[in-house]
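Asker: Just dropping this structure here.
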Number of protein chains: 2
Amino acid sequence: MVQQVSDSAAAERIRRAAIEAFAESGYGGTSTREITKRLGMSATAMYPHYRSKEELLFAISLQGHRAALQVLQEADEPDADHLRRLRAVVAAFTGWQAEQRHVARVVQYELHALTPEHYRTIVAIRRQTTAVIAGIVEGGKKSGDFEIDDPDDVVLAISSLCVDVCRWFPSTRHRDPERLAKTYADLAERMVVGAR
Amino acid sequence: MVQQVSDSAAAERIRRAAIEAFAESGYGGTSTREITKRLGMSATAMYPHYRSKEELLFAISLQGHRAALQVLQEADEPDADHLRRLRAVVAAFTGWQAEQRHVARVVQYELHALTPEHYRTIVAIRRQTTAVIAGIVEGGKKSGDFEIDDPDDVVLAISSLCVDVCRWFPSTRHRDPERLAKTYADLAERMVVGAR
């Protein structure tokens, strides 16, 4: 069964308010009352949309993980060479983490607060995201385009590098998601083909 | 003025309990009462040691940041060549993030909860940590050992890669801090000298 994230305007406003509240005080430090208060709603007005704070977190996580996956899938050009594909995917993922850093932080740091069932649903999407990068890296090794020993470690490092952007972005030095995306594509390139 | 972290046994027990509580529920989701309850203490028994939850967070952050800095400084061998120095420092930093992941998460993710004055103190230590890596990377570029365009971006990527370990470690694949440290030293090497 494919889970749907409600597209009603009210549900979306609640998710947005929750993302901002979680970004400020953490999931554990935010009550549903604090979220609805931001919208001038009563706490009970949330229940038709989300029956608990965890359901709200799940909806945000589902939407966030799907958005990131879609960004990667759309950036990939399966007919291009492996290096071009890797650069495109890394740039897109980096840009998304920078631009959507509040959503990304919730999505990355609050996973442990999900119920086991919800957690499994999210992990399945994370696997698909990793698989996009892994498919390119493994393909590049097989074709000889990439000079790497262990594709899994390279995939881990590239994913980790992109994901960590949401923790620190922006910095004094990096305020432009597009410039950072280019920088990270260059770094990923070095990891797979080395200096030229 | 150099700030001291109390080395009394009681203060240390409180910090340990707080680290575990923050790791489970986040800083925002943990009350001082919940921390002292873990130790069978009354909430007021904490005040002679830490007057507030923020003071406790600051003590943990100070100790954690100093420990990470010390690990880097001790791993560095200023007389060795740049590549050997970089490998040693990256391995040590990676290992620390893996082994001390609970402390590391508090230290990395809850910075925004510090008072501005405490934040400035911590940022000064973070700059020293970055400076250890930056000194090696810049030295390697100057000597021609490292074939890199922009040392700052390489320092950012290497630091970010190491720090993000505390988010995901352990994984199905990586459960051994020492093996991961070796893997990350290899990846950092590729970033500065490319494939060989």
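Starting from 1 in every chain, residues are counted up; chains themselves are A, B, ... following the order of the structure tokens, and ligands are numbered from 1 as listed.
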Enumerate as a VMD selection string the residues belonging to chain A that approach chain B to within 6 Å, with only C-alpha atoms taken into account.
Answerer: chain A and resid 25 to 26 28 to 29 161 164 190 to 191 194 to 195
Asker: For A:Gln97, work out the shell of residues within 6 Å, counting only C-alpha atoms and skipping chain neighbours fewer than 3 positions away, then give it as a ChimeraX atom specification.
Answerer: /A:94,100-101,165-166
Asker: Save out the residues we just selected, C-alpha atoms, as a PDB file, in the first residue's frame.
Answerer:
```
ATOM      1  CA  THR A  94      23.533  18.776  -2.332  1.00  0.00           C
ATOM      2  CA  GLN A 100      15.454  22.332   2.239  1.00  0.00           C
ATOM      3  CA  ARG A 101      17.697  22.206   5.304  1.00  0.00           C
ATOM      4  CA  VAL A 165      24.992  19.839   4.322  1.00  0.00           C
ATOM      5  CA  CYS A 166      21.665  20.298   6.133  1.00  0.00           C
TER       6      CYS A 166
END
```
Asker: Check the smallest atom-to-atom distance from each of A:Val90, A:Ala18, A:Val107, A:Ile133 to A:Gln63 using only C-alpha atoms, then report the winner.
Answerer: A:Val107
Asker: Which neighbours of B:Gln4 fall inside 10 Å, counting only C-alpha atoms, when residues of the same chain fewer than 3 positions from it are skipped, and could you give them as a PyMOL selection string?
Answerer: chain B and resi 1+7+59+62-63
Asker: Do you have the atom CA of B:Val106-atom CA of B:Gly64 distance handy?
Answerer: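 That distance, rounded to one decimal, is 8.9 Å.
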Asker: Within 12 Å of B:Met41, counting only C-alpha atoms, which residues qualify if same-chain residues fewer than 6 places away don't, as an MDAnalysis selection string?
Answerer: chainID B and resid 10 13:14 17 32:35 47
Asker: Output the coordinates of chain A after least-squares fitting to chain B on all in-order C-alpha pairs, as a PDB file with C-alpha atoms, in the first residue's frame.
Answerer:
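The result, stored in selection_35.pdb:
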```pdb
ATOM      1  CA  MET A   1      39.704  32.942  31.036  1.00  0.00           C
ATOM      2  CA  VAL A   2      39.817  29.201  30.454  1.00  0.00           C
ATOM      3  CA  GLN A   3      36.545  27.615  31.470  1.00  0.00           C
ATOM      4  CA  GLN A   4      36.810  24.530  33.632  1.00  0.00           C
ATOM      5  CA  VAL A   5      34.551  21.520  33.384  1.00  0.00           C
ATOM      6  CA  SER A   6      33.964  20.208  36.888  1.00  0.00           C
ATOM      7  CA  ASP A   7      35.804  16.957  37.513  1.00  0.00           C
ATOM      8  CA  SER A   8      33.818  16.005  40.621  1.00  0.00           C
ATOM      9  CA  ALA A   9      32.310  12.528  40.420  1.00  0.00           C
ATOM     10  CA  ALA A  10      28.775  13.868  40.946  1.00  0.00           C
ATOM     11  CA  ALA A  11      29.098  16.434  38.147  1.00  0.00           C
ATOM     12  CA  GLU A  12      30.436  13.770  35.836  1.00  0.00           C
ATOM     13  CA  ARG A  13      27.553  11.406  36.628  1.00  0.00           C
ATOM     14  CA  ILE A  14      25.105  14.211  35.860  1.00  0.00           C
ATOM     15  CA  ARG A  15      26.785  14.910  32.508  1.00  0.00           C
ATOM     16  CA  ARG A  16      26.714  11.221  31.572  1.00  0.00           C
ATOM     17  CA  ALA A  17      23.032  10.888  32.450  1.00  0.00           C
ATOM     18  CA  ALA A  18      22.290  14.049  30.472  1.00  0.00           C
ATOM     19  CA  ILE A  19      24.130  12.768  27.384  1.00  0.00           C
ATOM     20  CA  GLU A  20      22.072   9.569  27.418  1.00  0.00           C
ATOM     21  CA  ALA A  21      18.825  11.473  27.990  1.00  0.00           C
ATOM     22  CA  PHE A  22      19.604  13.993  25.210  1.00  0.00           C
ATOM     23  CA  ALA A  23      20.558  11.141  22.870  1.00  0.00           C
ATOM     24  CA  GLU A  24      17.150   9.541  23.478  1.00  0.00           C
ATOM     25  CA  SER A  25      14.816  12.544  23.539  1.00  0.00           C
ATOM     26  CA  GLY A  26      16.857  15.506  22.305  1.00  0.00           C
ATOM     27  CA  TYR A  27      17.903  18.481  24.405  1.00  0.00           C
ATOM     28  CA  GLY A  28      14.534  20.196  23.936  1.00  0.00           C
ATOM     29  CA  GLY A  29      12.664  17.037  24.896  1.00  0.00           C
ATOM     30  CA  THR A  30      14.531  16.459  28.160  1.00  0.00           C
ATOM     31  CA  SER A  31      13.839  18.207  31.473  1.00  0.00           C
ATOM     32  CA  THR A  32      16.446  18.539  34.222  1.00  0.00           C
ATOM     33  CA  ARG A  33      14.060  16.507  36.380  1.00  0.00           C
ATOM     34  CA  GLU A  34      14.274  13.613  33.895  1.00  0.00           C
ATOM     35  CA  ILE A  35      18.059  13.744  34.077  1.00  0.00           C
ATOM     36  CA  THR A  36      18.291  13.732  37.881  1.00  0.00           C
ATOM     37  CA  LYS A  37      15.607  11.026  38.079  1.00  0.00           C
ATOM     38  CA  ARG A  38      17.924   8.676  36.179  1.00  0.00           C
ATOM     39  CA  LEU A  39      20.388   9.110  39.035  1.00  0.00           C
ATOM     40  CA  GLY A  40      17.840   8.874  41.835  1.00  0.00           C
ATOM     41  CA  MET A  41      18.626  12.496  42.705  1.00  0.00           C
ATOM     42  CA  SER A  42      16.215  15.303  43.404  1.00  0.00           C
ATOM     43  CA  ALA A  43      16.152  18.099  40.830  1.00  0.00           C
ATOM     44  CA  THR A  44      17.511  20.560  43.397  1.00  0.00           C
ATOM     45  CA  ALA A  45      20.558  18.339  44.025  1.00  0.00           C
ATOM     46  CA  MET A  46      21.758  19.261  40.532  1.00  0.00           C
ATOM     47  CA  TYR A  47      21.899  23.008  41.142  1.00  0.00           C
ATOM     48  CA  PRO A  48      25.181  23.167  43.076  1.00  0.00           C
ATOM     49  CA  HIS A  49      26.772  21.551  39.979  1.00  0.00           C
ATOM     50  CA  TYR A  50      24.722  23.022  37.138  1.00  0.00           C
ATOM     51  CA  ARG A  51      22.314  25.872  37.658  1.00  0.00           C
ATOM     52  CA  SER A  52      20.374  25.163  34.476  1.00  0.00           C
ATOM     53  CA  LYS A  53      19.974  22.676  31.655  1.00  0.00           C
ATOM     54  CA  GLU A  54      21.863  25.094  29.401  1.00  0.00           C
ATOM     55  CA  GLU A  55      24.854  25.147  31.786  1.00  0.00           C
ATOM     56  CA  LEU A  56      24.865  21.380  31.673  1.00  0.00           C
ATOM     57  CA  LEU A  57      24.736  21.423  27.870  1.00  0.00           C
ATOM     58  CA  PHE A  58      27.592  23.910  27.836  1.00  0.00           C
ATOM     59  CA  ALA A  59      29.729  21.705  30.107  1.00  0.00           C
ATOM     60  CA  ILE A  60      29.065  18.681  27.859  1.00  0.00           C
ATOM     61  CA  SER A  61      29.819  20.712  24.724  1.00  0.00           C
ATOM     62  CA  LEU A  62      32.989  22.147  26.182  1.00  0.00           C
ATOM     63  CA  GLN A  63      34.275  18.752  27.261  1.00  0.00           C
ATOM     64  CA  GLY A  64      33.237  17.080  23.992  1.00  0.00           C
ATOM     65  CA  HIS A  65      34.765  19.722  21.740  1.00  0.00           C
ATOM     66  CA  ARG A  66      37.978  19.776  23.759  1.00  0.00           C
ATOM     67  CA  ALA A  67      38.221  15.984  23.646  1.00  0.00           C
ATOM     68  CA  ALA A  68      37.805  15.947  19.853  1.00  0.00           C
ATOM     69  CA  LEU A  69      40.411  18.692  19.453  1.00  0.00           C
ATOM     70  CA  GLN A  70      42.847  16.824  21.681  1.00  0.00           C
ATOM     71  CA  VAL A  71      42.352  13.614  19.710  1.00  0.00           C
ATOM     72  CA  LEU A  72      43.260  15.469  16.497  1.00  0.00           C
ATOM     73  CA  GLN A  73      46.240  17.241  18.030  1.00  0.00           C
ATOM     74  CA  GLU A  74      47.610  14.010  19.483  1.00  0.00           C
ATOM     75  CA  ALA A  75      47.144  12.133  16.209  1.00  0.00           C
ATOM     76  CA  ASP A  76      49.022  14.748  14.226  1.00  0.00           C
ATOM     77  CA  GLU A  77      52.727  14.175  13.643  1.00  0.00           C
ATOM     78  CA  PRO A  78      54.025  17.591  12.584  1.00  0.00           C
ATOM     79  CA  ASP A  79      57.316  16.130  11.359  1.00  0.00           C
ATOM     80  CA  ALA A  80      55.741  13.558   9.044  1.00  0.00           C
ATOM     81  CA  ASP A  81      54.790  14.269   5.416  1.00  0.00           C
ATOM     82  CA  HIS A  82      51.454  15.926   4.684  1.00  0.00           C
ATOM     83  CA  LEU A  83      49.720  12.820   3.423  1.00  0.00           C
ATOM     84  CA  ARG A  84      50.677  10.775   6.459  1.00  0.00           C
ATOM     85  CA  ARG A  85      49.559  13.612   8.730  1.00  0.00           C
ATOM     86  CA  LEU A  86      46.208  13.951   6.956  1.00  0.00           C
ATOM     87  CA  ARG A  87      45.547  10.217   7.110  1.00  0.00           C
ATOM     88  CA  ALA A  88      46.396  10.099  10.830  1.00  0.00           C
ATOM     89  CA  VAL A  89      44.175  13.058  11.695  1.00  0.00           C
ATOM     90  CA  VAL A  90      41.211  11.868   9.597  1.00  0.00           C
ATOM     91  CA  ALA A  91      41.436   8.375  11.064  1.00  0.00           C
ATOM     92  CA  ALA A  92      41.525   9.732  14.620  1.00  0.00           C
ATOM     93  CA  PHE A  93      38.619  12.128  14.058  1.00  0.00           C
ATOM     94  CA  THR A  94      36.528   9.416  12.375  1.00  0.00           C
ATOM     95  CA  GLY A  95      37.233   6.959  15.180  1.00  0.00           C
ATOM     96  CA  TRP A  96      36.257   9.513  17.808  1.00  0.00           C
ATOM     97  CA  GLN A  97      32.954  10.341  16.073  1.00  0.00           C
ATOM     98  CA  ALA A  98      32.115   6.626  15.857  1.00  0.00           C
ATOM     99  CA  GLU A  99      33.083   5.715  19.412  1.00  0.00           C
ATOM    100  CA  GLN A 100      31.730   8.870  21.063  1.00  0.00           C
ATOM    101  CA  ARG A 101      28.652   9.194  18.858  1.00  0.00           C
ATOM    102  CA  HIS A 102      26.227  10.061  21.683  1.00  0.00           C
ATOM    103  CA  VAL A 103      28.410  12.878  22.982  1.00  0.00           C
ATOM    104  CA  ALA A 104      29.176  13.908  19.406  1.00  0.00           C
ATOM    105  CA  ARG A 105      25.488  14.197  18.494  1.00  0.00           C
ATOM    106  CA  VAL A 106      24.756  16.435  21.479  1.00  0.00           C
ATOM    107  CA  VAL A 107      27.837  18.484  20.709  1.00  0.00           C
ATOM    108  CA  GLN A 108      26.957  18.877  17.009  1.00  0.00           C
ATOM    109  CA  TYR A 109      23.184  19.133  16.940  1.00  0.00           C
ATOM    110  CA  GLU A 110      22.351  21.224  20.021  1.00  0.00           C
ATOM    111  CA  LEU A 111      24.708  24.165  19.486  1.00  0.00           C
ATOM    112  CA  HIS A 112      21.785  26.488  18.795  1.00  0.00           C
ATOM    113  CA  ALA A 113      20.508  25.972  22.350  1.00  0.00           C
ATOM    114  CA  LEU A 114      23.610  27.575  23.918  1.00  0.00           C
ATOM    115  CA  THR A 115      23.597  31.190  25.119  1.00  0.00           C
ATOM    116  CA  PRO A 116      25.455  33.561  22.753  1.00  0.00           C
ATOM    117  CA  GLU A 117      28.424  33.770  25.134  1.00  0.00           C
ATOM    118  CA  HIS A 118      28.703  30.005  25.506  1.00  0.00           C
ATOM    119  CA  TYR A 119      28.256  29.593  21.777  1.00  0.00           C
ATOM    120  CA  ARG A 120      31.225  31.876  21.120  1.00  0.00           C
ATOM    121  CA  THR A 121      33.418  29.840  23.474  1.00  0.00           C
ATOM    122  CA  ILE A 122      32.507  26.631  21.643  1.00  0.00           C
ATOM    123  CA  VAL A 123      32.955  28.156  18.183  1.00  0.00           C
ATOM    124  CA  ALA A 124      36.505  29.144  19.157  1.00  0.00           C
ATOM    125  CA  ILE A 125      37.320  25.474  19.878  1.00  0.00           C
ATOM    126  CA  ARG A 126      35.671  24.385  16.622  1.00  0.00           C
ATOM    127  CA  ARG A 127      37.917  26.824  14.775  1.00  0.00           C
ATOM    128  CA  GLN A 128      40.975  25.232  16.371  1.00  0.00           C
ATOM    129  CA  THR A 129      39.776  21.780  15.303  1.00  0.00           C
ATOM    130  CA  THR A 130      39.281  22.951  11.737  1.00  0.00           C
ATOM    131  CA  ALA A 131      42.669  24.664  11.878  1.00  0.00           C
ATOM    132  CA  VAL A 132      44.428  21.349  12.557  1.00  0.00           C
ATOM    133  CA  ILE A 133      43.022  19.882   9.320  1.00  0.00           C
ATOM    134  CA  ALA A 134      43.405  23.158   7.425  1.00  0.00           C
ATOM    135  CA  GLY A 135      47.071  23.493   8.399  1.00  0.00           C
ATOM    136  CA  ILE A 136      47.832  20.094   6.901  1.00  0.00           C
ATOM    137  CA  VAL A 137      45.770  20.602   3.732  1.00  0.00           C
ATOM    138  CA  GLU A 138      47.215  24.058   3.074  1.00  0.00           C
ATOM    139  CA  GLY A 139      50.729  22.820   3.788  1.00  0.00           C
ATOM    140  CA  GLY A 140      50.212  19.945   1.366  1.00  0.00           C
ATOM    141  CA  LYS A 141      49.024  22.287  -1.364  1.00  0.00           C
ATOM    142  CA  LYS A 142      51.948  24.660  -0.837  1.00  0.00           C
ATOM    143  CA  SER A 143      54.504  21.846  -0.954  1.00  0.00           C
ATOM    144  CA  GLY A 144      52.891  20.382  -4.055  1.00  0.00           C
ATOM    145  CA  ASP A 145      52.086  17.101  -2.286  1.00  0.00           C
ATOM    146  CA  PHE A 146      48.367  17.719  -2.668  1.00  0.00           C
ATOM    147  CA  GLU A 147      46.860  18.436  -6.076  1.00  0.00           C
ATOM    148  CA  ILE A 148      43.933  20.595  -5.030  1.00  0.00           C
ATOM    149  CA  ASP A 149      42.392  23.838  -6.210  1.00  0.00           C
ATOM    150  CA  ASP A 150      40.689  25.125  -3.133  1.00  0.00           C
ATOM    151  CA  PRO A 151      41.989  24.006   0.283  1.00  0.00           C
ATOM    152  CA  ASP A 152      38.985  25.483   2.137  1.00  0.00           C
ATOM    153  CA  ASP A 153      36.518  23.305   0.255  1.00  0.00           C
ATOM    154  CA  VAL A 154      38.606  20.201   0.843  1.00  0.00           C
ATOM    155  CA  VAL A 155      38.822  20.998   4.571  1.00  0.00           C
ATOM    156  CA  LEU A 156      35.059  21.507   4.686  1.00  0.00           C
ATOM    157  CA  ALA A 157      34.371  18.205   2.947  1.00  0.00           C
ATOM    158  CA  ILE A 158      36.800  16.202   5.068  1.00  0.00           C
ATOM    159  CA  SER A 159      35.494  17.687   8.339  1.00  0.00           C
ATOM    160  CA  SER A 160      31.886  17.197   7.261  1.00  0.00           C
ATOM    161  CA  LEU A 161      32.495  13.596   6.280  1.00  0.00           C
ATOM    162  CA  CYS A 162      34.025  12.830   9.692  1.00  0.00           C
ATOM    163  CA  VAL A 163      31.389  14.686  11.709  1.00  0.00           C
ATOM    164  CA  ASP A 164      28.492  12.964   9.935  1.00  0.00           C
ATOM    165  CA  VAL A 165      29.735   9.607  11.214  1.00  0.00           C
ATOM    166  CA  CYS A 166      28.051  10.318  14.563  1.00  0.00           C
ATOM    167  CA  ARG A 167      24.679  10.525  12.785  1.00  0.00           C
ATOM    168  CA  TRP A 168      24.694   7.100  11.156  1.00  0.00           C
ATOM    169  CA  PHE A 169      27.264   4.950  12.962  1.00  0.00           C
ATOM    170  CA  PRO A 170      26.931   1.987  13.394  1.00  0.00           C
ATOM    171  CA  SER A 171      25.357   0.687  10.189  1.00  0.00           C
ATOM    172  CA  THR A 172      24.819  -2.860   8.968  1.00  0.00           C
ATOM    173  CA  ARG A 173      28.068  -2.562   7.055  1.00  0.00           C
ATOM    174  CA  HIS A 174      30.233  -0.534   9.433  1.00  0.00           C
ATOM    175  CA  ARG A 175      30.383  -1.561  13.074  1.00  0.00           C
ATOM    176  CA  ASP A 176      34.131  -1.275  13.624  1.00  0.00           C
ATOM    177  CA  PRO A 177      35.429   2.262  14.309  1.00  0.00           C
ATOM    178  CA  GLU A 178      38.978   1.263  13.362  1.00  0.00           C
ATOM    179  CA  ARG A 179      38.016  -0.171   9.997  1.00  0.00           C
ATOM    180  CA  LEU A 180      35.928   2.896   9.236  1.00  0.00           C
ATOM    181  CA  ALA A 181      38.820   5.152  10.252  1.00  0.00           C
ATOM    182  CA  LYS A 182      41.056   3.402   7.700  1.00  0.00           C
ATOM    183  CA  THR A 183      38.359   3.680   4.995  1.00  0.00           C
ATOM    184  CA  TYR A 184      37.938   7.405   5.646  1.00  0.00           C
ATOM    185  CA  ALA A 185      41.696   7.995   5.604  1.00  0.00           C
ATOM    186  CA  ASP A 186      41.730   6.352   2.148  1.00  0.00           C
ATOM    187  CA  LEU A 187      38.870   8.575   0.962  1.00  0.00           C
ATOM    188  CA  ALA A 188      40.558  11.728   2.272  1.00  0.00           C
ATOM    189  CA  GLU A 189      43.709  10.672   0.479  1.00  0.00           C
ATOM    190  CA  ARG A 190      41.805  10.400  -2.792  1.00  0.00           C
ATOM    191  CA  MET A 191      40.386  13.887  -2.288  1.00  0.00           C
ATOM    192  CA  VAL A 192      43.860  15.407  -2.085  1.00  0.00           C
ATOM    193  CA  VAL A 193      46.003  13.271  -4.344  1.00  0.00           C
ATOM    194  CA  GLY A 194      43.522  11.357  -6.464  1.00  0.00           C
ATOM    195  CA  ALA A 195      43.707   7.733  -7.531  1.00  0.00           C
ATOM    196  CA  ARG A 196      47.199   6.269  -7.791  1.00  0.00           C
TER     197      ARG A 196
END
```
Asker: Pick out each residue of stretch 11-52 of chain A that DSSP on the backbone tags as alpha helix (DSSP H); I need them as a list in words.
Answerer: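 Filtering stretch 11-52 of chain A to alpha helix (DSSP H) leaves Ala11, Glu12, Arg13, Ile14, Arg15, Arg16, Ala17, Ala18, Ile19, Glu20, Ala21, Phe22, Ala23, Glu24, Ser25, Thr32, Arg33, Glu34, Ile35, Thr36, Lys37 and Arg38 of chain A.
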